[in-house]
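The structure appears right after this line, and notes come after that.
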Protein chains: 2
Amino acid sequence: MDDVAAKAGVSRALVSLVMRDSPRVSKSSREKVLAAAQDLGYRPNVWARNLASGQTHTIGVMLNDLHNPFFTEMAEGAAAAAAERDLQILISSGWKRDAGELQAIEAFMNMRTDGLLLAAARLSTEVLESFATQTPTVAVSTYVESDLFDTVNNNEDHGGSLVVDHLVDLGHTRIGHIDAGVAPSGPERRNGFMKAMLERGLAPIVVEGAFDEEAGAAGAAQLMDLHEPPTAIFAGNDLAAIGVLTKLQELGVRVPDDISVVGYDNTILSSIGTVSLTTIHQPRRQLGRIAIDLLAERLAGREEARHELIEPRLVTRSSTGRKPKAKGAT
Amino acid sequence: MDDVAAKAGVSRALVSLVMRDSPRVSKSSREKVLAAAQDLGYRPNVWARNLASGQTHTIGVMLNDLHNPFFTEMAEGAAAAAAERDLQILISSGWKRDAGELQAIEAFMNMRTDGLLLAAARLSTEVLESFATQTPTVAVSTYVESDLFDTVNNNEDHGGSLVVDHLVDLGHTRIGHIDAGVAPSGPERRNGFMKAMLERGLAPIVVEGAFDEEAGAAGAAQLMDLHEPPTAIFAGNDLAAIGVLTKLQELGVRVPDDISVVGYDNTILSSIGTVSLTTIHQPRRQLGRIAIDLLAERLAGREEARHELIEPRLVTRSSTGRKPKAKGAT
DNA sequence: GGTTGAAAGTAGAGCGCTCTACCCAAAAGT
DNA sequence: ACTTTTGGGTAGAGCGCTCTACTTTCAACC
């Protein structure tokens with residue numbers, strides 16, 4: 001920077017102003033500085049800038065699982081929104097482990113990011129709150145309640161009932177759900193399902209699972225092993241539904257002739273032609289965008305927490321059909 | 001930091017040593033400092049640290065496309081390897097646009113990351129070299145030649161011939177390829193395919209495409225529109241193959257009875273039960289790991305460039321079968 | 001007993017910026 | 001003709017660390 005200033009025949013402070021596009025610089029000296037910078041291959045050091053200014057223009061984005069397209073699709077939306085606001089985004093993954101999440105967030109804190117976007121964090125409300133008091137925080141798909149940070153959530157409760165409605169309309173009464181344990185969204189989807197079933201006087205059949213293919217396959221195997229297997233399966237998310245479909249195919253059970261399958265998220269996975277999964281739509285990109293908007297509001301000074309709730313929507317594809325007349329296979 | 005030093009009754013320099021786990025600190029004062037830091041909720045400022053030390057322990061990872069599981073799976077490998085080496089990873093996406101890539105890399109340069117890991121960069125060799133002279137760089141799946149940076153590539157040439165071998169073994173002679181234009185890996189796969197076909201005296205049928213589902217679907221439509229459609233399609237990658245499968249299903253063409261389909265990458269997409277795509281395996285995680293290893297070697301002082309070539313392997317699933325006796329459908 | 005040397009710790013000059021306060025000249029106001 | 005304003009610019013003190021060089025203490029050695 002000194003070199004640039006010397007070369008352009010101005011002060012260091014002026015170079016700084018030029019680099020930050022300040023309007024307080026005359027055209028002529030701006031050009032002189034820019035030319036000198038170009039010649040010298042000068043690029044401002046972000047670390048020094050952030051250190052001096054106390055601002056980083058950077059949002060730390062912690063994704064629960066890079067594997068799950070839901071998260072990368074959300075990140076895309078967040079990245080686009082951030083770019084528009086001149087914010088930088090840093091993506092990190094918690095690798096589905098508490099320790100991993102903590103480490104990722106700590107790394108962001110050490111960097112003094114201007115804000116935190118946590119997607120499906122597994123950490124406890126207390127831990128999240130402790131971070132939220134230090135920096136603006138928004139939790140997406142995390143289903144914790146707090147006045148200290150903003151949230152963007154899907155109305156999973158309603159999602160569960162949409163699934164049940166759809167299946168009941170098709171004549172199904174024995175419906176199984178593969179849950180996702182305590183993973184964020186897991187309990188909400190399970191509860192939505194159970195409530196909707198009970199309201200219709202139907203017995204909710206639930207087996208334990210997780211948000212991945214293996215758990216979906218294992219859950220499907222358990223359900224199909226029942227004396228009277230269900231005629232429809234509601235998987236915890238699309239990833240698990242894929243596992244269900246794989247296992248059912250392995251077992252020679254036809255979808256949707258013998259059994260119907262529903263996922264959740266409407267990720268790219270569900271729209272694959274040969275998969276064609278009926279699922280609950282989540283506007284992934286928009287979730288990311290809203291989250292960035294909320295953070296921007298916080299940076300602009302908003303104090304009170306905001307909680308956005310997105311309404312889910314059923315997307316019907318070919319993995320669901322009428323309840324078979326005959327008994328289910330196997 | 002001053003506060004911590006004061007509270008612990010030591011100098012600032014000692015606090016610094018403790019924070020960096022230096023062995024030159026006695027147990028007693030280490031504990032004093034740690035306790036004081038804990039009390040005050042002190043966390044070292046990474047920006048200041050990096051500024052002062054001139055090292056960031058951070059690798060910038062630029063992924064071509066967050067959508068494509070190939071890249072996120074590679075990033076997982078890189079992240080794991082980096083963690084072992086006490087390096088931090090920053091993920092950014094070029095969003096499949098040259099300008100996006102440039103912006104992402106510039107951002108890394110401004111941050112003075114210790115190294116650059118570029119996955120399937122579209123930028124020209126000259127541009128890449130200009131970055132490589134400034135910081136250790138490794139290009140994964142990029143297929144450019146340079147003495148200035150390391151590369152990790154798949155032997156795509158061989159991959160193309162594996163596909164042709166497999167299909168020819170199954171009796172196919174009319175084989176179509178949907179290419180990926182000038183996208184990294186695109187020309188290599190196309191050339192490998194064409195060479196292998198010609199060596200066997202077969203006419204290579206090629207249509208223009210890209211590495212996504214839409215292009216796969218469009219390419220499949222074009223190929224099936226031919227007077228004499230191919231009996232097998234080699235898509236540019238798994239994502240495109242998914243598009244092919246979707247389109248074929250739409251057209252009522254059965255896979256693999258009427259037509260065989262092959263992908264490339266062996267991403268999670270290909271192993272989905274209902275997809276079950278024959279594809280070329282790439283060790284995605286290992287690619288990321290090797291890339292980080294190469295960067296670590298550079299950081300340790302290696303000067304001459306290294307180029308790793310990974311041998312591909314065919315994974316046979318159920319999207320390929322014997323050439324049908326009768327003519328193809330449509 | 002004096003010298004050596006390791007172990008433990010400190011002082012203070014940077015690292016490359018930004019920011020506050022201030023200056024100077026030319027244009028504008030009275 | 002004097003002050004006031006304003007656009008354009010500068011000096012220099014930080015920001016929160018690390019790093020080099022140096023000091024002090026104390027056990028070990030001949």
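Please note that chains go A, B, ... in the order of the structure tokens, that every chain numbers its residues from 1, and that ligands are numbered from 1 in the order shown.
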For this session: Write down as a ChimeraX atom specification the residues belonging to range 63-224 of chain A that are assigned alpha helix (DSSP H) by DSSP computed on the backbone.
Result: /A:69-84,98-111,125-132,156-169,186-199,213-224
For this session: At a cut-off of 9 Å, list the chain A residues touching chain D, using only C-alpha atoms (C1' of nucleotides), as number ranges by chain.
Result: A: 10-14, 24-26, 48, 50-54
For this session: Can you check which residues of chain A have any atom within 8 Å of chain B? Use only C-alpha atoms and format it as a ChimeraX atom specification.
Result: /A:43-48,50-51,66-67,69,72-73,76,89-92,110-112,242-243,245-247,249,269,272-275
For this session: Name the residues of range 33-280 of chain B that come out as strand (DSSP E or B) in a backbone DSSP run; write them as a PyMOL selection string.
Result: chain B and resi 58-63+88-93+115-119+137-140+150-154+175-178+205-207+232-235+260-262+265+278-280
Problem set entry | Residues within 9 Å of range 182-193 of chain A, only C-alpha atoms (C1' of nucleotides), excluding chain neighbours under 2 positions, as a PyMOL selection string | chain A and resi 96+120-122+141-144+154-164+177-180+195-198+204+206+210-211+234+236
Exercise. If we count only C-alpha atoms (C1' of nucleotides), which residues of chain C reach to within 8 Å of chain B? Please list them as a VMD selection string.
Worked result: chain C and resid 7 to 10 15 to 16
Any chance you could export the current selection's C-alpha atoms (C1' of nucleotides) as a PDB file, in the first residue's frame?
```pdb
ATOM      1  C1'  DA C   7      14.005 -23.152  30.610  1.00  0.00           C
ATOM      2  C1'  DA C   8      10.719 -19.546  31.236  1.00  0.00           C
ATOM      3  C1'  DG C   9       9.414 -15.196  30.375  1.00  0.00           C
ATOM      4  C1'  DT C  10       9.339 -10.151  28.555  1.00  0.00           C
ATOM      5  C1'  DC C  15       1.843  -6.896  10.158  1.00  0.00           C
ATOM      6  C1'  DG C  16      -1.295  -3.798   6.464  1.00  0.00           C
TER       7       DG C  16
END
```
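Between CA of Asp86 in chain B and CA of Ser16 in chain B lies a distance of 18.2 Å.
The gap separating CA of Thr137 in chain B from CA of Glu84 in chain A is 28.5 Å, in Å to one decimal.
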For this session: Measure the distance from CA of Glu208 in chain A to CA of Ala240 in chain A in Å and round it to one decimal.
Result: 11.6 Å
